[in-house]
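> The structure that follows is given in the form of structure tokens.
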Amino acid sequence: MRNILVLIANRLATGVLTLWIVSVIIFLGVSALPGDIATEVLGQGASPETVAAFRIQLGLDLPLHERYVAWLSGILHGDFGTSLANHRPISDLVFGRLSSTLELALLAAVMAVPLALALGILAALYRNGVFDRVINMLTLTSISFPEFFVAYVLILFLSVKTGLLPSLAGSSDGTVLGRIEGMILPALTLTLVVVAHMMRMTRAALVGVLASPYIEMAKLKGVSPLGIITRHALPNALAPIINVVVLNLAYLIVGVVVVEVVFVYPGLGQLMVDSVQKRDIPVVQACSLIFAATYILLNLTADILATVTNPRLLHRR
Amino acid sequence: MLLPKEPSMTVLARGSAVSSATGGRLSPKWLKALAAAPLSAKLGLFIVIFYVGLALLAPWISPYGEAEIVGPQFSAWSSEFLLGTDNLGRDMLTRLIFGARNTVGIAFAATLLAFAVGGTLGIFSAVAGGWPDHLLSRTVDVLMAIPQLIFSMFLLTIFGMSIPVLIVVIALVDSTRVFRLARALAMNVTVMDYIDVARLRGESWLWIMRREILPNILSPLVAEFGLRFCFVFLMISALSFLGLGIQPPTADWGSMVRDNATLITYGDISPLLPAAAIAVLTIGINYVVDWFLDKSSGLREGQ
């Protein structure tokens, strides 16, 4: 038990360290700008006095390390600075959108995880059969699709041709039901994008376990094929499956960018794309940091869960 | 489809599972091997050759100029404009053909650069060991902790959007993955006796990297090249789709989808064609790589 706690503490420390270095990269990257933010925003034609005044307003006259400390402590207090484009506090922009993005990712996860597990188990159960081969072909194909292709095909068939669902997330009336209705198509797109990978890993993990002698024993004992999978194989294949599920959740939160843009969904990804186009650097920094932090956090969770569910990993070294 | 869906793992897993069924035809003549290839591999190869042909011959086979405005906006499919025209009245078919040249060319250049940087550093890291290895590996760990698409968007904001910057940014972000693989593969080779012999003989690091290690890890690296190319290709398309990649008036599949997306709401499928072009090429490459992995693992088992 103590061993596990030490290991988890170790992983957490590494995660925090990584996050800190990432924050340094995101902060310092901007100093690599040719010129600086002030000239970037005001343009080449601005008079030197205006530029100097704007630099003081942004705090660019301070030395680099002082600016970094001020930036980081602001973020730790929930203050991301001010947007250059519309002069609103970035935290106002970011947090509402972050929760929209998380809602979308959650809905997609609720749809994708059970589907992927069920398909993976079925494919392992009927491995090398027709079902397995068809699913294998389909998933290999769907891995090759760009997200916007999946999204527009879904729009074409479910929204334009049949009119079942709205093609824009924002077009609904304000009710909760309308909001969820608008989220279904984006969530479905994300589901189709991640299911293939999760399903293949589930199948691979199960097939690996099915080759072991105790499965042979269970078969000779007369356990039904489904019983073998659910009671004997699944518990031992759980570690890699949990790992891949959490990794895909991390992917969901980051991968929403394209999907949000297709469906004009008001999430963090859309905000980041808009800000990159406007070169609104403080907002881009804030979004990058939030995405990176979420991603690192979920990767860390995957790592820790994999260790806890598979104690053998403790003695790896 | 970005981070965890890196296709390498899945295809590698598949490759080893079915290798005994299709691989193992030991033949020095690659033509014979090709004849014995499964249908999916032939199809994939045909697709790749077709795309390369389009890319090379674009100016001669396309009916109009790349950015030439030839008709009214959004006109329907006709004998004059086989696939209609786009949002500015440019010929869709011409843009599609030139897109093969631009999108595929840029993705290829970026992948090549990623392999040159990541591969060299990865092999160097394995040969050198000690603190250079430690430093490089930790740096790559940190860089890989930032999601690729987000990192690329961040870098593009700083350095501006132009084709050379795009190639360098994508290549640098992707080279971290190449580094990981090249280092892991080279690590297996550096423990061999013949590396010690080469060292004792007084060969330079560069010689050991190029003549002893590279030939021994080439075949998995080639397979990985195909998969990384798909990945880079999809990422560039995604960036262009978001308006952050290849900039107009250069024809490019990602931005073509974005510019003409409104047509979909009228039930017109022409905006889906560039997206389908992306999908078909990735599928084709995946099939070829699948076959290549089968073959190379089959050969190894046969020996």
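Each chain in the structure tokens gets a letter, A, B, ..., in the order shown, and its residues are numbered from 1; ligands are numbered from 1 in order too.
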If we count only C-alpha atoms and set the cut-off at 10 Å, which residues sit around Trp205 (chain B), ignoring sequence neighbours fewer than 4 positions away in its own chain? Please answer as a PDB file with C-alpha atoms, in the first residue's frame.


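Saved file around_8.pdb follows:
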```pdb
ATOM      1  CA  PHE B 124      22.262  10.108 -31.571  1.00  0.00           C
ATOM      2  CA  VAL B 127      24.439   6.086 -29.240  1.00  0.00           C
ATOM      3  CA  ALA B 128      25.594   8.880 -26.960  1.00  0.00           C
ATOM      4  CA  ALA B 198      32.969  -0.566 -34.339  1.00  0.00           C
ATOM      5  CA  ARG B 199      33.674   1.639 -31.309  1.00  0.00           C
ATOM      6  CA  MET B 209      24.872   6.019 -36.541  1.00  0.00           C
ATOM      7  CA  ARG B 210      24.813   5.904 -40.331  1.00  0.00           C
ATOM      8  CA  ARG B 211      26.461   2.588 -41.183  1.00  0.00           C
TER       9      ARG B 211
END
```

> Taking only C-alpha atoms into account, what are the residues of chain A at most 6 Å from chain B, put as a ChimeraX atom specification?

/A:18,33,144-145,149,160,276,279,292

> Could you find all residues in region 13-255 of chain B that DSSP calls strand (DSSP E or B) from the backbone, and write them as a PyMOL selection string?

chain B and resi 69+85+90-91

> Considering only C-alpha atoms, return as a list in words whatever protein or nucleic-acid residues lie within 10 Å of Gln247 (chain B), sequence-local ones (same chain, fewer than 4 positions apart) excluded.

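Neighbouring residues, sequence-local ones excluded: Met161, Ser162, Ile163, Ser240, Gly243, Ala251, Asp252 and Ser255 of chain B.
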
> Residues as selected, N, CA and C atoms, written as a PDB file, in the first residue's frame, can you do that?


```pdb
ATOM      1  N   MET B 161       1.423  32.897 -40.138  1.00  0.00           N
ATOM      2  CA  MET B 161       1.039  31.769 -40.975  1.00  0.00           C
ATOM      3  C   MET B 161       1.595  31.928 -42.381  1.00  0.00           C
ATOM      4  N   SER B 162       2.584  31.105 -42.699  1.00  0.00           N
ATOM      5  CA  SER B 162       3.057  31.041 -44.077  1.00  0.00           C
ATOM      6  C   SER B 162       3.494  29.603 -44.299  1.00  0.00           C
ATOM      7  N   ILE B 163       3.671  29.211 -45.552  1.00  0.00           N
ATOM      8  CA  ILE B 163       3.940  27.799 -45.815  1.00  0.00           C
ATOM      9  C   ILE B 163       5.252  27.313 -45.199  1.00  0.00           C
ATOM     10  N   SER B 240      -5.753  23.768 -41.878  1.00  0.00           N
ATOM     11  CA  SER B 240      -6.251  24.543 -43.011  1.00  0.00           C
ATOM     12  C   SER B 240      -7.754  24.711 -42.920  1.00  0.00           C
ATOM     13  N   GLY B 243      -8.642  27.435 -40.925  1.00  0.00           N
ATOM     14  CA  GLY B 243      -8.200  28.721 -41.450  1.00  0.00           C
ATOM     15  C   GLY B 243      -6.826  29.121 -40.952  1.00  0.00           C
ATOM     16  N   ALA B 251      -4.585  26.450 -53.511  1.00  0.00           N
ATOM     17  CA  ALA B 251      -5.638  25.449 -53.397  1.00  0.00           C
ATOM     18  C   ALA B 251      -5.236  24.410 -52.370  1.00  0.00           C
ATOM     19  N   ASP B 252      -6.150  24.079 -51.474  1.00  0.00           N
ATOM     20  CA  ASP B 252      -5.851  23.107 -50.428  1.00  0.00           C
ATOM     21  C   ASP B 252      -7.148  22.465 -49.971  1.00  0.00           C
ATOM     22  N   SER B 255      -9.041  23.809 -46.568  1.00  0.00           N
ATOM     23  CA  SER B 255      -9.727  25.099 -46.679  1.00  0.00           C
ATOM     24  C   SER B 255     -10.837  25.062 -47.731  1.00  0.00           C
TER      25      SER B 255
END
```

> Please extract the residues of region 28-183 of chain B with a backbone DSSP assignment of alpha helix (DSSP H) and present them as a CSV table (one decimal) with C-alpha atoms, in the first residue's frame.


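The resulting file, selection-v7.csv, is shown below:
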```
chain,number,residue,atom,x,y,z
B,30,TRP,CA,9.8,-6.8,-55.6
B,31,LEU,CA,7.5,-7.4,-58.6
B,32,LYS,CA,6.8,-10.9,-57.5
B,33,ALA,CA,6.1,-9.7,-54.0
B,34,LEU,CA,3.7,-7.2,-55.4
B,35,ALA,CA,1.8,-9.8,-57.3
B,36,ALA,CA,1.4,-11.8,-54.1
B,39,LEU,CA,-6.0,-6.9,-52.7
B,40,SER,CA,-6.1,-4.1,-50.1
B,41,ALA,CA,-2.4,-3.5,-50.5
B,42,LYS,CA,-2.7,-3.3,-54.3
B,43,LEU,CA,-5.6,-0.9,-54.0
B,44,GLY,CA,-3.6,1.2,-51.5
B,45,LEU,CA,-0.6,1.3,-53.8
B,46,PHE,CA,-2.8,2.2,-56.8
B,47,ILE,CA,-4.3,5.1,-54.8
B,48,VAL,CA,-0.9,6.4,-53.7
B,49,ILE,CA,0.5,6.3,-57.3
B,50,PHE,CA,-2.7,8.0,-58.6
B,51,TYR,CA,-2.3,10.8,-56.1
B,52,VAL,CA,1.4,11.3,-56.8
B,53,GLY,CA,0.6,11.4,-60.6
B,54,LEU,CA,-2.0,14.0,-60.0
B,55,ALA,CA,0.3,16.1,-57.9
B,56,LEU,CA,3.1,15.9,-60.4
B,57,LEU,CA,1.0,16.5,-63.5
B,58,ALA,CA,-1.4,19.1,-62.0
B,59,PRO,CA,-0.8,22.0,-64.4
B,60,TRP,CA,-1.2,19.8,-67.5
B,61,ILE,CA,-4.2,17.8,-66.7
B,92,MET,CA,-13.7,22.8,-58.3
B,93,LEU,CA,-12.0,20.0,-60.3
B,94,THR,CA,-8.9,22.2,-60.9
B,95,ARG,CA,-8.7,23.2,-57.3
B,96,LEU,CA,-9.0,19.5,-56.3
B,97,ILE,CA,-6.1,18.5,-58.6
B,98,PHE,CA,-3.9,21.4,-57.4
B,99,GLY,CA,-4.9,20.5,-53.9
B,105,GLY,CA,3.5,18.2,-51.0
B,106,ILE,CA,3.5,20.2,-47.8
B,107,ALA,CA,2.7,17.2,-45.7
B,108,PHE,CA,5.5,15.2,-47.4
B,109,ALA,CA,8.0,18.0,-46.8
B,110,ALA,CA,7.0,18.3,-43.1
B,111,THR,CA,7.2,14.5,-42.5
B,112,LEU,CA,10.6,14.4,-44.2
B,113,LEU,CA,11.9,17.2,-42.0
B,114,ALA,CA,10.4,15.6,-38.9
B,115,PHE,CA,12.2,12.3,-39.7
B,116,ALA,CA,15.5,14.1,-40.5
B,117,VAL,CA,15.4,16.0,-37.1
B,118,GLY,CA,13.7,13.4,-34.9
B,119,GLY,CA,15.5,10.4,-36.5
B,120,THR,CA,19.0,11.9,-36.2
B,121,LEU,CA,18.5,13.1,-32.6
B,122,GLY,CA,16.9,9.8,-31.6
B,123,ILE,CA,19.7,7.7,-33.0
B,124,PHE,CA,22.3,10.1,-31.6
B,125,SER,CA,20.6,9.9,-28.2
B,126,ALA,CA,20.8,6.1,-28.1
B,127,VAL,CA,24.4,6.1,-29.2
B,128,ALA,CA,25.6,8.9,-27.0
B,130,GLY,CA,24.5,9.6,-20.5
B,131,TRP,CA,23.5,13.2,-20.1
B,132,PRO,CA,22.8,14.1,-23.8
B,133,ASP,CA,20.3,11.2,-23.9
B,134,HIS,CA,18.8,12.3,-20.6
B,135,LEU,CA,18.5,15.9,-21.6
B,136,LEU,CA,16.9,15.2,-25.0
B,137,SER,CA,14.5,12.6,-23.6
B,138,ARG,CA,13.2,14.8,-20.9
B,139,THR,CA,12.8,17.7,-23.3
B,140,VAL,CA,10.8,15.5,-25.6
B,141,ASP,CA,8.7,14.2,-22.7
B,142,VAL,CA,7.7,17.8,-21.8
B,143,LEU,CA,7.0,18.7,-25.4
B,144,MET,CA,4.8,15.6,-25.9
B,148,GLN,CA,-0.1,18.6,-30.9
B,149,LEU,CA,-2.9,20.6,-32.5
B,150,ILE,CA,-2.9,23.1,-29.6
B,151,PHE,CA,0.9,23.4,-29.7
B,152,SER,CA,0.9,24.0,-33.4
B,153,MET,CA,-1.8,26.6,-33.1
B,154,PHE,CA,0.2,28.4,-30.4
B,155,LEU,CA,3.4,28.4,-32.5
B,156,LEU,CA,1.5,29.5,-35.6
B,157,THR,CA,0.1,32.5,-33.6
B,158,ILE,CA,3.6,33.5,-32.7
B,159,PHE,CA,5.5,33.0,-36.0
B,163,ILE,CA,3.9,27.8,-45.8
B,164,PRO,CA,7.6,27.6,-44.7
B,165,VAL,CA,6.6,28.3,-41.1
B,166,LEU,CA,3.8,25.8,-41.3
B,167,ILE,CA,6.2,23.1,-42.5
B,168,VAL,CA,8.8,23.8,-39.8
B,169,VAL,CA,6.2,24.0,-37.0
B,170,ILE,CA,4.5,20.8,-37.9
B,171,ALA,CA,7.8,19.0,-38.5
B,172,LEU,CA,9.2,20.1,-35.1
B,173,VAL,CA,6.0,19.1,-33.2
B,174,ASP,CA,5.9,15.8,-35.0
B,175,SER,CA,9.6,15.1,-34.6
B,176,THR,CA,9.1,14.3,-30.9
B,177,ARG,CA,7.2,11.2,-31.9
B,178,VAL,CA,9.9,10.2,-34.4
B,179,PHE,CA,12.5,10.8,-31.8
B,180,ARG,CA,10.8,8.4,-29.3
B,181,LEU,CA,10.6,5.6,-31.9
B,182,ALA,CA,14.0,6.1,-33.4
B,183,ARG,CA,15.6,6.1,-29.9
```

> What's the 8 Å shell around Asp303 (chain A), counting only C-alpha atoms, without same-chain residues fewer than 4 positions away, as a ChimeraX atom specification?

/A:243,299,307

> Within 9 Å of Tyr265 (chain A), counting only C-alpha atoms, which residues qualify if same-chain residues fewer than 2 places away don't, as a ChimeraX atom specification?

/A:100-101,168-170,182-183,186,259-263,267,269-270

> With C-alpha atoms kept, could you save the residues just selected as a PDB file, in the first residue's frame?


```
ATOM      1  CA  SER A 100     -19.479  24.002 -22.520  1.00  0.00           C
ATOM      2  CA  THR A 101     -16.518  22.050 -23.879  1.00  0.00           C
ATOM      3  CA  LEU A 168     -25.819  24.205 -35.679  1.00  0.00           C
ATOM      4  CA  ALA A 169     -25.391  23.893 -31.939  1.00  0.00           C
ATOM      5  CA  GLY A 170     -26.466  27.458 -31.238  1.00  0.00           C
ATOM      6  CA  GLY A 182     -27.917  20.726 -30.458  1.00  0.00           C
ATOM      7  CA  MET A 183     -25.140  18.789 -28.755  1.00  0.00           C
ATOM      8  CA  PRO A 186     -21.189  17.152 -32.353  1.00  0.00           C
ATOM      9  CA  VAL A 259     -15.828  19.706 -34.188  1.00  0.00           C
ATOM     10  CA  GLU A 260     -16.694  22.893 -32.309  1.00  0.00           C
ATOM     11  CA  VAL A 261     -15.840  24.957 -35.361  1.00  0.00           C
ATOM     12  CA  VAL A 262     -17.949  22.787 -37.692  1.00  0.00           C
ATOM     13  CA  PHE A 263     -21.026  22.997 -35.496  1.00  0.00           C
ATOM     14  CA  GLY A 267     -16.628  26.085 -26.553  1.00  0.00           C
ATOM     15  CA  GLY A 269     -11.704  25.344 -28.978  1.00  0.00           C
ATOM     16  CA  GLN A 270     -13.749  27.815 -30.992  1.00  0.00           C
TER      17      GLN A 270
END
```

> Residues within 7 Å of Leu117 (chain A), please, as a PDB file with N, CA and C atoms, in the first residue's frame. Count only C-alpha atoms; anything in the same chain fewer than 4 positions from it doesn't count.


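Written output follows (around.pdb):
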```pdb
ATOM      1  N   VAL A 113     -17.840   5.310 -24.666  1.00  0.00           N
ATOM      2  CA  VAL A 113     -17.187   4.269 -23.870  1.00  0.00           C
ATOM      3  C   VAL A 113     -17.974   2.955 -23.857  1.00  0.00           C
ATOM      4  N   ILE A 121     -15.677  -6.283 -26.927  1.00  0.00           N
ATOM      5  CA  ILE A 121     -15.963  -7.599 -26.353  1.00  0.00           C
ATOM      6  C   ILE A 121     -16.548  -8.523 -27.414  1.00  0.00           C
ATOM      7  N   MET A 199     -12.078   0.683 -29.269  1.00  0.00           N
ATOM      8  CA  MET A 199     -12.567  -0.661 -29.534  1.00  0.00           C
ATOM      9  C   MET A 199     -11.416  -1.599 -29.909  1.00  0.00           C
ATOM     10  N   THR A 202      -9.470  -2.490 -26.793  1.00  0.00           N
ATOM     11  CA  THR A 202     -10.207  -3.430 -25.962  1.00  0.00           C
ATOM     12  C   THR A 202     -10.077  -4.840 -26.523  1.00  0.00           C
TER      13      THR A 202
END
```

> When you count only C-alpha atoms, which of these residues is closest to Val264 (chain A): A:Pro166, A:Asn86, A:Leu226, A:Val209?

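Between A:Pro166, A:Asn86, A:Leu226, A:Val209, the residue approaching Val264 (chain A) most closely is A:Pro166.
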
> Measure the distance from CA of Ala186 (chain B) to CA of Ile217 (chain B) in Å and round it to one decimal.

6.8 Å

> Which one of A:Gln277, A:Thr309, A:Thr294, A:Asn128 sits closest to Leu249 (chain A) if you count only C-alpha atoms?

A:Thr294

> What's the separation between CA of Ile242 (chain A) and CA of Arg133 (chain A), in Å to one decimal place?

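It comes out at 24.1 Å.
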
> Skipping near chain neighbours, those fewer than 3 positions away, what residues fall within 10 Å of Val245 (chain A) using only C-alpha atoms, listed as a PyMOL selection string?

chain A and resi 109+112-113+116-117+194-195+197-199+201-202+240-242+248-251+302

> Which residue is closest to Ile69 (chain B)? Choose from B:Pro248, B:Pro215, B:Gly89, B:Pro38 and count only C-alpha atoms.

B:Gly89
